[in-house]
$ cat run_3.cif   # mmCIF, C-alpha atoms
data_input
#
loop_
_atom_site.label_atom_id
_atom_site.label_comp_id
_atom_site.auth_asym_id
_atom_site.auth_seq_id
_atom_site.Cartn_x
_atom_site.Cartn_y
_atom_site.Cartn_z
CA MET A 124 -106.87 129.30 157.67
CA ALA A 125 -108.23 129.30 154.09
CA LEU A 126 -109.75 132.78 154.33
CA ARG A 127 -108.60 135.87 156.19
CA LYS A 128 -110.30 139.21 156.48
CA ARG A 129 -108.34 142.44 156.12
CA GLY A 130 -110.54 145.42 156.72
CA GLN A 131 -113.67 144.64 154.75
CA THR A 132 -111.97 142.49 152.10
CA TRP A 133 -111.41 138.73 152.17
CA TRP A 134 -107.99 137.27 151.36
CA LEU A 135 -107.13 133.73 150.21
CA ASP A 136 -104.49 131.50 151.74
CA ILE A 137 -104.02 128.31 149.72
CA ALA A 138 -101.49 125.50 150.16
CA THR A 139 -100.42 124.31 146.68
CA PRO A 140 -99.69 120.64 145.86
CA GLY A 141 -96.03 121.59 145.50
CA GLY A 142 -95.78 122.81 149.08
CA HIS A 143 -95.95 126.53 148.34
CA ARG A 144 -98.53 129.01 149.58
CA LEU A 145 -100.68 131.25 147.43
CA ARG A 146 -101.87 134.41 149.16
CA ARG A 147 -103.96 136.95 147.30
CA SER A 148 -106.97 139.20 147.68
CA ALA A 149 -110.36 137.82 146.73
CA GLU A 150 -111.35 141.42 145.93
CA THR A 151 -114.73 140.95 147.59
CA THR A 152 -116.39 141.63 150.91
CA ASP A 153 -118.71 138.62 150.41
CA ARG A 154 -117.39 135.60 152.33
CA LYS A 155 -119.37 133.12 150.26
CA ALA A 156 -117.98 134.51 147.00
CA ALA A 157 -114.45 134.46 148.45
CA GLN A 158 -114.89 130.81 149.48
CA GLU A 159 -116.06 129.88 145.98
CA LEU A 160 -112.99 131.56 144.47
CA HIS A 161 -110.75 129.79 146.99
CA ASP A 162 -112.20 126.37 146.15
CA LYS A 163 -111.93 126.98 142.41
CA LEU A 164 -108.31 128.12 142.57
CA LYS A 165 -107.36 125.20 144.80
CA ALA A 166 -108.99 122.73 142.40
CA ASP A 167 -107.24 124.36 139.41
CA LEU A 168 -103.86 124.13 141.16
CA TRP A 169 -104.43 120.45 141.91
CA ARG A 170 -105.35 119.68 138.28
CA GLN A 171 -102.27 121.54 137.06
CA ALA A 172 -99.96 119.61 139.39
CA LYS A 173 -101.54 116.15 139.09
CA LEU A 174 -103.12 116.07 135.63
CA GLY A 175 -100.89 118.48 133.72
CA ASP A 176 -103.60 121.03 132.97
CA LYS A 177 -102.39 124.41 131.78
CA PRO A 178 -102.70 127.24 134.31
CA LYS A 179 -105.76 129.39 133.62
CA TYR A 180 -104.09 132.73 133.01
CA THR A 181 -106.31 135.79 132.99
CA TRP A 182 -106.35 139.06 131.08
CA GLU A 183 -104.58 140.79 133.99
CA ASP A 184 -101.74 138.23 133.88
CA ALA A 185 -101.23 138.78 130.15
CA ALA A 186 -101.55 142.57 130.30
CA LEU A 187 -98.98 142.84 133.09
CA ARG A 188 -96.49 140.61 131.29
CA TRP A 189 -97.02 142.56 128.06
CA LEU A 190 -96.26 145.87 129.78
CA ASN A 191 -93.10 144.42 131.36
CA GLU A 192 -91.81 142.91 128.12
CA GLN A 193 -92.71 145.91 125.95
CA ALA A 194 -91.34 148.57 128.31
CA HIS A 195 -88.82 149.57 125.62
CA LYS A 196 -91.55 150.60 123.14
CA ALA A 197 -91.91 154.29 122.37
CA SER A 198 -95.69 153.84 122.55
CA ILE A 199 -95.77 151.89 125.83
CA ARG A 200 -97.59 154.72 127.60
CA ASP A 201 -100.36 154.53 125.02
CA ASP A 202 -100.56 150.76 125.59
CA ALA A 203 -100.78 151.30 129.35
CA LYS A 204 -103.66 153.80 128.95
CA LYS A 205 -105.58 151.41 126.71
CA ILE A 206 -105.02 148.52 129.11
CA GLU A 207 -106.19 150.69 132.00
CA MET A 208 -109.45 151.32 130.13
CA LEU A 209 -109.97 147.66 129.15
CA THR A 210 -109.04 145.90 132.39
CA PRO A 211 -112.16 146.70 134.47
CA PHE A 212 -114.23 144.97 131.78
CA PHE A 213 -111.90 141.97 131.39
CA ARG A 214 -111.09 141.53 135.09
CA ARG A 215 -110.47 137.87 135.97
CA VAL A 216 -111.53 136.76 132.48
CA PRO A 217 -109.49 133.66 131.51
CA LEU A 218 -107.58 134.19 128.27
CA ALA A 219 -109.34 131.15 126.80
CA ASP A 220 -112.64 133.01 127.26
CA MET A 221 -111.52 136.18 125.45
CA SER A 222 -113.92 135.74 122.54
CA TRP A 223 -114.48 138.17 119.68
CA ASP A 224 -117.99 138.93 120.97
CA ARG A 225 -116.62 139.86 124.39
CA ILE A 226 -113.82 142.03 122.96
CA GLN A 227 -116.12 143.77 120.48
CA ALA A 228 -118.75 144.49 123.14
CA VAL A 229 -116.19 146.26 125.32
CA VAL A 230 -114.43 148.28 122.61
CA GLU A 231 -117.60 149.33 120.79
CA GLY A 232 -119.40 149.96 124.07
CA GLN A 233 -116.68 152.27 125.38
CA LYS A 234 -115.23 153.73 122.17
CA GLY A 235 -118.11 153.41 119.72
CA ASP A 236 -118.29 157.18 119.28
CA ARG A 237 -114.63 157.41 118.27
CA LYS A 238 -113.13 157.16 114.79
CA PRO A 239 -112.59 153.70 113.26
CA ALA A 240 -108.82 154.18 113.56
CA THR A 241 -109.11 154.80 117.31
CA ARG A 242 -111.18 151.67 117.87
CA ASN A 243 -108.79 149.66 115.71
CA ARG A 244 -105.87 150.59 117.96
CA TYR A 245 -107.69 148.91 120.88
CA TYR A 246 -108.50 145.84 118.81
CA GLN A 247 -104.91 145.58 117.60
CA LEU A 248 -103.51 145.81 121.13
CA VAL A 249 -105.81 143.06 122.45
CA ARG A 250 -104.98 140.89 119.43
CA ALA A 251 -101.23 141.42 119.89
CA ILE A 252 -101.39 140.45 123.57
CA LEU A 253 -103.44 137.32 122.85
CA ARG A 254 -101.17 136.28 119.98
CA ARG A 255 -98.11 136.57 122.20
CA ALA A 256 -99.88 134.58 124.92
CA MET A 257 -100.43 131.81 122.36
CA ARG A 258 -97.23 131.85 120.28
CA GLU A 259 -94.55 132.76 122.81
CA TRP A 260 -95.92 132.19 126.31
CA GLN A 261 -98.02 129.14 125.30
CA TRP A 262 -100.73 130.12 127.71
CA ILE A 263 -103.60 129.46 125.31
CA ASP A 264 -104.14 127.26 122.27
CA LYS A 265 -105.90 129.68 119.95
CA VAL A 266 -106.77 133.35 119.43
CA PRO A 267 -110.15 134.64 118.25
CA VAL A 268 -110.38 136.36 114.89
CA VAL A 269 -110.36 140.12 115.52
CA ARG A 270 -112.09 142.12 112.79
CA LEU A 271 -110.84 145.66 112.21
CA HIS A 272 -112.84 148.59 110.89
CA ARG A 273 -112.01 149.92 107.46
CA GLU A 274 -109.96 153.09 107.87
CA PRO A 275 -109.82 156.07 105.52
CA GLU A 276 -106.53 156.76 103.78
CA GLY A 277 -103.95 158.44 106.00
CA ARG A 278 -104.34 162.18 106.36
CA VAL A 279 -101.66 164.37 104.76
CA ARG A 280 -101.96 168.08 105.55
CA TYR A 281 -99.16 170.40 104.48
CA LEU A 282 -98.57 174.10 103.90
CA SER A 283 -97.07 175.92 100.95
CA PRO A 284 -93.96 178.05 101.54
CA GLN A 285 -96.18 181.16 101.41
CA GLU A 286 -98.52 179.75 104.06
CA ILE A 287 -95.55 178.78 106.25
CA ASP A 288 -94.28 182.37 106.11
CA THR A 289 -97.70 183.75 107.03
CA LEU A 290 -98.11 181.37 109.96
CA LEU A 291 -94.65 182.12 111.35
CA ARG A 292 -95.25 185.87 111.22
CA ASN A 293 -98.41 185.46 113.31
CA LEU A 294 -96.86 183.22 116.00
CA PRO A 295 -95.35 184.65 119.22
CA GLU A 296 -91.54 184.54 119.30
CA HIS A 297 -91.12 181.40 121.45
CA LEU A 298 -93.54 179.35 119.32
CA ARG A 299 -92.17 180.83 116.10
CA ALA A 300 -88.65 179.58 116.80
CA MET A 301 -89.58 175.99 117.53
CA THR A 302 -92.12 175.86 114.69
CA ARG A 303 -89.48 177.12 112.24
CA PHE A 304 -87.15 174.42 113.55
CA ALA A 305 -89.82 171.75 113.07
CA PHE A 306 -90.42 172.86 109.47
CA ALA A 307 -86.65 172.81 108.85
CA THR A 308 -85.93 169.38 110.37
CA GLY A 309 -89.16 167.36 110.30
CA LEU A 310 -88.75 166.46 113.98
CA ARG A 311 -91.74 165.29 115.98
CA ARG A 312 -93.19 167.67 118.58
CA GLY A 313 -91.80 165.80 121.59
CA ASN A 314 -88.29 165.79 120.13
CA VAL A 315 -88.46 169.56 119.59
CA LEU A 316 -89.91 170.29 123.02
CA ARG A 317 -87.28 168.17 124.78
CA LEU A 318 -84.32 169.19 122.59
CA ARG A 319 -81.19 169.65 124.73
CA TRP A 320 -77.92 171.38 123.91
CA LYS A 321 -75.98 168.15 124.45
CA GLN A 322 -77.76 166.70 121.39
CA ILE A 323 -76.32 169.37 119.09
CA ASP A 324 -72.86 169.58 117.51
CA LEU A 325 -72.66 172.95 115.77
CA GLY A 326 -69.09 172.26 114.63
CA ARG A 327 -70.19 169.21 112.63
CA ARG A 328 -73.60 170.76 111.89
CA VAL A 329 -75.48 167.69 113.15
CA MET A 330 -77.75 166.69 116.02
CA HIS A 331 -78.90 163.33 117.33
CA VAL A 332 -82.00 161.91 118.97
CA LYS A 333 -81.41 158.88 121.19
CA ALA A 334 -83.12 155.61 120.37
CA SER A 335 -85.50 155.77 123.36
CA GLU A 336 -87.05 158.96 121.91
CA VAL A 337 -87.49 157.65 118.35
CA LYS A 338 -90.44 155.46 117.32
CA ASN A 339 -88.30 152.91 115.46
CA ARG A 340 -85.94 152.68 118.48
CA LYS A 341 -82.83 153.56 116.45
CA THR A 342 -80.65 156.54 117.26
CA LEU A 343 -81.42 159.25 114.71
CA GLY A 344 -78.66 161.46 113.33
CA ILE A 345 -79.87 164.64 111.62
CA PRO A 346 -77.79 166.98 109.44
CA LEU A 347 -78.65 170.58 110.25
CA ASN A 348 -79.36 172.87 107.31
CA GLU A 349 -78.75 176.62 107.31
CA ASN A 350 -82.25 177.37 108.60
CA ALA A 351 -81.86 175.01 111.53
CA ILE A 352 -78.38 176.33 112.39
CA ALA A 353 -79.63 179.93 112.38
CA ILE A 354 -82.56 179.08 114.67
CA ILE A 355 -80.32 177.23 117.14
CA ARG A 356 -77.83 180.09 117.32
CA GLU A 357 -80.68 182.45 118.18
CA GLN A 358 -81.43 180.31 121.27
CA ILE A 359 -77.90 180.36 122.71
CA GLY A 360 -77.82 181.76 126.24
CA LYS A 361 -81.54 181.37 126.97
CA HIS A 362 -81.19 178.15 128.99
CA ASP A 363 -78.32 175.91 130.12
CA GLU A 364 -80.00 172.61 129.23
CA PHE A 365 -82.95 173.07 126.87
CA VAL A 366 -82.83 174.76 123.47
CA PHE A 367 -86.41 176.05 123.30
CA VAL A 368 -87.78 177.77 126.39
CA TYR A 369 -90.37 180.36 127.42
CA LYS A 370 -89.62 182.78 130.24
CA GLY A 371 -86.62 180.70 131.22
CA LYS A 372 -88.51 177.41 131.49
CA PRO A 373 -88.81 174.43 129.10
CA LEU A 374 -91.96 174.45 127.00
CA ALA A 375 -94.62 171.93 127.96
CA ALA A 376 -96.93 172.30 124.95
CA THR A 377 -97.18 173.79 121.48
CA VAL A 378 -100.88 173.81 120.67
CA ASN A 379 -102.45 176.47 122.86
CA THR A 380 -104.44 179.68 122.52
CA ALA A 381 -101.52 181.48 120.85
CA TRP A 382 -101.19 178.67 118.29
CA ARG A 383 -104.91 178.67 117.49
CA ASN A 384 -105.00 182.48 117.22
CA ALA A 385 -102.06 182.42 114.79
CA LEU A 386 -103.84 179.88 112.59
CA LYS A 387 -106.98 182.01 112.59
CA LYS A 388 -105.07 185.19 111.70
CA SER A 389 -103.27 183.30 108.92
CA GLY A 390 -106.49 181.91 107.45
CA ILE A 391 -105.21 178.36 107.93
CA GLU A 392 -107.62 175.60 108.97
CA ASP A 393 -107.19 171.99 110.07
CA PHE A 394 -103.46 172.26 110.77
CA HIS A 395 -101.87 170.54 113.77
CA PHE A 396 -98.30 170.90 115.00
CA HIS A 397 -97.51 167.37 113.78
CA ASP A 398 -98.43 168.59 110.30
CA THR A 399 -95.13 170.49 110.28
CA ARG A 400 -93.60 167.04 109.77
CA HIS A 401 -96.01 166.31 106.91
CA THR A 402 -95.09 169.68 105.40
CA TRP A 403 -91.35 168.96 105.71
CA ALA A 404 -91.68 165.59 103.95
CA SER A 405 -94.05 166.97 101.30
CA LEU A 406 -91.72 169.83 100.37
CA LEU A 407 -88.75 167.46 100.15
CA ILE A 408 -90.49 165.01 97.84
CA GLN A 409 -91.89 167.83 95.67
CA ASN A 410 -88.33 169.07 95.21
CA GLY A 411 -86.92 165.77 94.03
CA VAL A 412 -85.52 164.21 97.22
CA PRO A 413 -85.72 160.37 96.88
CA LYS A 414 -88.10 158.54 99.19
CA GLY A 415 -85.22 156.50 100.62
CA MET A 416 -83.42 159.67 101.73
CA ILE A 417 -86.61 161.07 103.28
CA LYS A 418 -87.04 157.80 105.19
CA GLU A 419 -83.53 158.11 106.63
CA LEU A 420 -83.87 161.79 107.48
CA GLY A 421 -87.27 161.28 109.13
CA GLY A 422 -86.38 158.15 111.07
CA TRP A 423 -89.16 156.01 109.57
CA LYS A 424 -88.86 152.22 109.64
CA SER A 425 -89.56 151.72 105.95
CA GLU A 426 -90.34 153.59 102.75
CA LYS A 427 -93.95 152.49 103.19
CA MET A 428 -94.35 155.33 105.69
CA VAL A 429 -93.17 157.79 103.03
CA GLU A 430 -95.49 156.44 100.34
CA ARG A 431 -98.29 158.71 101.58
CA TYR A 432 -96.37 161.63 100.08
CA ALA A 433 -95.55 159.99 96.73
CA HIS A 434 -98.63 161.40 94.97
CA LEU A 435 -97.21 164.90 95.50
CA ALA A 436 -94.37 164.24 93.07
CA PRO A 437 -95.70 162.30 90.04
CA GLU A 438 -93.04 163.76 87.72
CA HIS A 439 -91.00 160.53 87.74
CA LEU A 440 -93.94 158.80 86.04
CA ALA A 441 -93.92 161.24 83.08
CA PRO A 442 -91.72 159.09 80.78
CA HIS A 443 -94.11 156.17 81.22
CA ALA A 444 -97.19 158.28 80.57
CA ALA A 445 -95.45 159.67 77.43
CA VAL A 446 -95.46 156.19 75.85
CA LEU A 447 -98.92 156.95 74.51
CA ASP A 448 -97.56 160.04 72.72
CA ARG A 449 -96.07 157.65 70.21
CA VAL A 450 -99.46 156.03 69.70
CA LEU A 451 -102.04 158.79 70.02
CA LYS A 452 -101.81 161.95 67.89
CA ALA A 453 -102.54 165.46 69.10
CA PRO A 454 -106.24 166.59 69.04
CA GLY A 455 -107.60 167.09 65.52
CA LYS A 456 -105.23 164.59 63.93
CA ALA A 457 -105.81 161.01 62.98
CA VAL A 458 -105.19 158.46 65.66
CA GLU A 459 -102.65 155.78 64.82
CA LEU A 460 -103.09 152.62 66.86
CA ALA A 461 -100.66 149.77 66.92
CA PRO A 462 -101.71 146.98 64.56
CA VAL A 463 -103.55 144.06 66.12
CA PRO A 464 -101.66 140.79 65.60
CA LYS A 465 -103.47 138.29 63.35
CA ARG A 466 -104.68 135.13 64.93
CA THR A 467 -103.28 131.88 63.64
CA ALA A 468 -105.38 128.81 63.38
#
$ encode --input "run_3.cif" --output "structure tokens"
Amino acid sequence: MALRKRGQTWWLDIATPGGHRLRRSAETTDRKAAQELHDKLKADLWRQAKLGDKPKYTWEDAALRWLNEQAHKASIRDDAKKIEMLTPFFRRVPLADMSWDRIQAVVEGQKGDRKPATRNRYYQLVRAILRRAMREWQWIDKVPVVRLHREPEGRVRYLSPQEIDTLLRNLPEHLRAMTRFAFATGLRRGNVLRLRWKQIDLGRRVMHVKASEVKNRKTLGIPLNENAIAIIREQIGKHDEFVFVYKGKPLAATVNTAWRNALKKSGIEDFHFHDTRHTWASLLIQNGVPKGMIKELGGWKSEKMVERYAHLAPEHLAPHAAVLDRVLKAPGKAVELAPVPKRTA
């Protein structure tokens, strides 16, 4: 039987030209609509088998394969959430019909009130999936041009040593310890929250973060400075597995009422927990640590990620700026300019 009814929904049962059977839900309670889908799929299967047509893969096919192949990504959960939002609007849409107008209508219609950077992340994910469908899976022949919004320069918010001291004094003990540790190591919030004793070697004064918990998917080894060592020793005996706990249980969050109250008492605005990492990198570069070393310590993929902090330490450019000292005199004195070469006929 070509159609079967399960509950209120119609299901398809199609014999393929190769002798296999395709059984799937029509996702409709309308028998006529289910029959139309059945006939279309059967015709498509015949053309693929007899005429060599490419299968008409849909958005759902591509999204599912993407999630399976990219399961190793640190940001796969973010991808899954974006796909969950997009799929109801792209349901059953053939990849060949994923036009720029269709993509833009969905993203702007659902996320138009969000920042340009947020909307761009959706555009970039759709573009990446379609490009893979074309280049690697060979499911489609071309990909539409996806136009991204112009984004403002990356935000860098950091505290001075005096502001750090003020904030720490106003934090409750359990948040103070892990915030101090974040300032001392530059670790991301998740890595601090989930820090386990087995990651720490006090004898060698190092700790490690496994590749699955680092964005660049490379195991990160971190030398522990005196501040970090002191903080860790203060936590000994509080929990058998986790380093930072509250009332005997692992911490689930950092930004809460206590965090916001501490910022208010300290007179500090627009400062997120992740900005402890910005502060760590900013203080290092302001104190002469090379960008390459900061990249290694912070677990970034390239120095490009550290470039956002370069403007905080322009001292290395001083010798180049001083070139003009040999040309321009101090104020009040005559200006000596280099002679202009004579033109030759």
$ resolve_selection --input "run_3.cif" --expression "the PyMOL selection byres ((chain A and resi 160) around 12)" --output "ChimeraX atom specification"
/A:125-126,133-137,147-151,153-159,161-167,215
$ resolve_selection --input "run_3.cif" --expression "the PyMOL selection byres ((chain A and resi 282) around 9)" --output "list in words"
Arg280, Tyr281, Ser283, Pro284, Gln285, Glu286, Ile287, Ile391, Phe394, Asp398, Thr399, His401, Thr402, Ser405 and Leu406 of chain A
$ closest_residue --input "run_3.cif" --among "A:Asp184, A:Glu207, A:Asp202, A:Asp264" --to "Gln247 of chain A" --atoms "only C-alpha atoms"
A:Asp202
$ closest_residue --input "run_3.cif" --among "A:Arg303, A:Arg273, A:Ile206, A:Ile263" --to "Lys238 of chain A" --atoms "all atoms listed in the file"
A:Arg273
$ atom_distance --input "run_3.cif" --atom1 "atom CA of Glu274 of chain A" --atom2 "atom CA of Glu426 of chain A"
20.3 Å
$ atom_distance --input "run_3.cif" --atom1 "atom CA of Val366 of chain A" --atom2 "atom CA of Leu386 of chain A"
24.2 Å
$ resolve_selection --input "run_3.cif" --expression "the PyMOL selection byres ((chain A and resi 256-261) around 12)" --output "MDAnalysis selection string"
chainID A and resid 177:189 192 217:219 221 249:255 262:267
$ residues_around --input "run_3.cif" --residues "Trp423 of chain A" --least-positions-apart "6" --cutoff "12 Å" --atoms "all atoms listed in the file" --output "PyMOL selection string"
chain A and resi 309-311+337-343+400+404+414-417+429-430
$ closest_residue --input "run_3.cif" --among "A:Val279, A:Ala307, A:Ala138, A:Leu325" --to "Ile359 of chain A" --atoms "only C-alpha atoms"
A:Leu325
$ residues_around --input "run_3.cif" --residues "Phe304 of chain A" --least-positions-apart "2" --cutoff "8 Å" --atoms "all atoms listed in the file" --output "MDAnalysis selection string"
chainID A and resid 300:302 306:308 315 350:351 354
$ write_last_selection --input "run_3.cif" --atoms "C-alpha atoms" --output "PDB file, in the coordinates of the input"
ATOM      1  CA  ALA A 300     -88.650 179.580 116.800  1.00  0.00           C
ATOM      2  CA  MET A 301     -89.580 175.990 117.530  1.00  0.00           C
ATOM      3  CA  THR A 302     -92.120 175.860 114.690  1.00  0.00           C
ATOM      4  CA  PHE A 306     -90.420 172.860 109.470  1.00  0.00           C
ATOM      5  CA  ALA A 307     -86.650 172.810 108.850  1.00  0.00           C
ATOM      6  CA  THR A 308     -85.930 169.380 110.370  1.00  0.00           C
ATOM      7  CA  VAL A 315     -88.460 169.560 119.590  1.00  0.00           C
ATOM      8  CA  ASN A 350     -82.250 177.370 108.600  1.00  0.00           C
ATOM      9  CA  ALA A 351     -81.860 175.010 111.530  1.00  0.00           C
ATOM     10  CA  ILE A 354     -82.560 179.080 114.670  1.00  0.00           C
TER      11      ILE A 354
END
$ atom_distance --input "run_3.cif" --atom1 "atom CA of Arg312 of chain A" --atom2 "atom CA of Leu291 of chain A"
16.2 Å
$ decode --input "run_3.cif" --residues "segment 364-384 of chain A" --atoms "N, CA and C atoms" --output "short mmCIF file (atom, residue, chain, number, x, y, z; two decimals), in the first residue's frame"
data_model
loop_
_atom_site.label_atom_id
_atom_site.label_comp_id
_atom_site.auth_asym_id
_atom_site.auth_seq_id
_atom_site.Cartn_x
_atom_site.Cartn_y
_atom_site.Cartn_z
N GLU A 364 36.64 16.38 43.67
CA GLU A 364 36.80 16.41 42.22
C GLU A 364 37.02 17.80 41.67
N PHE A 365 36.17 18.74 42.04
CA PHE A 365 36.22 20.09 41.48
C PHE A 365 37.01 21.04 42.37
N VAL A 366 37.70 21.99 41.72
CA VAL A 366 38.52 22.95 42.46
C VAL A 366 37.67 24.05 43.08
N PHE A 367 36.77 24.62 42.29
CA PHE A 367 35.96 25.73 42.78
C PHE A 367 34.52 25.27 43.04
N VAL A 368 34.10 25.40 44.28
CA VAL A 368 32.77 24.94 44.67
C VAL A 368 32.11 25.98 45.59
N TYR A 369 30.80 25.80 45.78
CA TYR A 369 30.04 26.65 46.70
C TYR A 369 29.13 25.75 47.52
N LYS A 370 29.30 25.79 48.81
CA LYS A 370 28.55 24.91 49.73
C LYS A 370 28.68 23.44 49.35
N GLY A 371 29.89 23.07 48.97
CA GLY A 371 30.19 21.67 48.67
C GLY A 371 29.77 21.19 47.31
N LYS A 372 29.25 22.08 46.46
CA LYS A 372 28.79 21.68 45.14
C LYS A 372 29.49 22.51 44.06
N PRO A 373 29.72 21.90 42.87
CA PRO A 373 30.34 22.64 41.77
C PRO A 373 29.50 23.86 41.39
N LEU A 374 30.16 24.92 41.02
CA LEU A 374 29.46 26.14 40.62
C LEU A 374 28.85 25.96 39.23
N ALA A 375 27.65 26.49 39.05
CA ALA A 375 26.98 26.38 37.76
C ALA A 375 27.04 27.68 36.97
N ALA A 376 27.29 28.80 37.65
CA ALA A 376 27.31 30.09 36.97
C ALA A 376 28.20 31.06 37.72
N THR A 377 28.56 32.13 37.03
CA THR A 377 29.40 33.17 37.65
C THR A 377 28.66 34.49 37.73
N VAL A 378 27.92 34.81 36.67
CA VAL A 378 27.24 36.10 36.62
C VAL A 378 25.86 35.95 37.25
N ASN A 379 25.73 36.44 38.46
CA ASN A 379 24.47 36.36 39.18
C ASN A 379 24.28 37.65 39.98
N THR A 380 23.34 37.63 40.90
CA THR A 380 23.08 38.84 41.68
C THR A 380 24.31 39.32 42.45
N ALA A 381 25.05 38.36 43.02
CA ALA A 381 26.26 38.73 43.78
C ALA A 381 27.28 39.40 42.88
N TRP A 382 27.44 38.90 41.66
CA TRP A 382 28.38 39.48 40.70
C TRP A 382 27.96 40.91 40.35
N ARG A 383 26.69 41.07 40.02
CA ARG A 383 26.19 42.40 39.64
C ARG A 383 26.29 43.39 40.80
N ASN A 384 26.01 42.93 42.01
CA ASN A 384 26.12 43.81 43.18
C ASN A 384 27.56 44.25 43.41
#
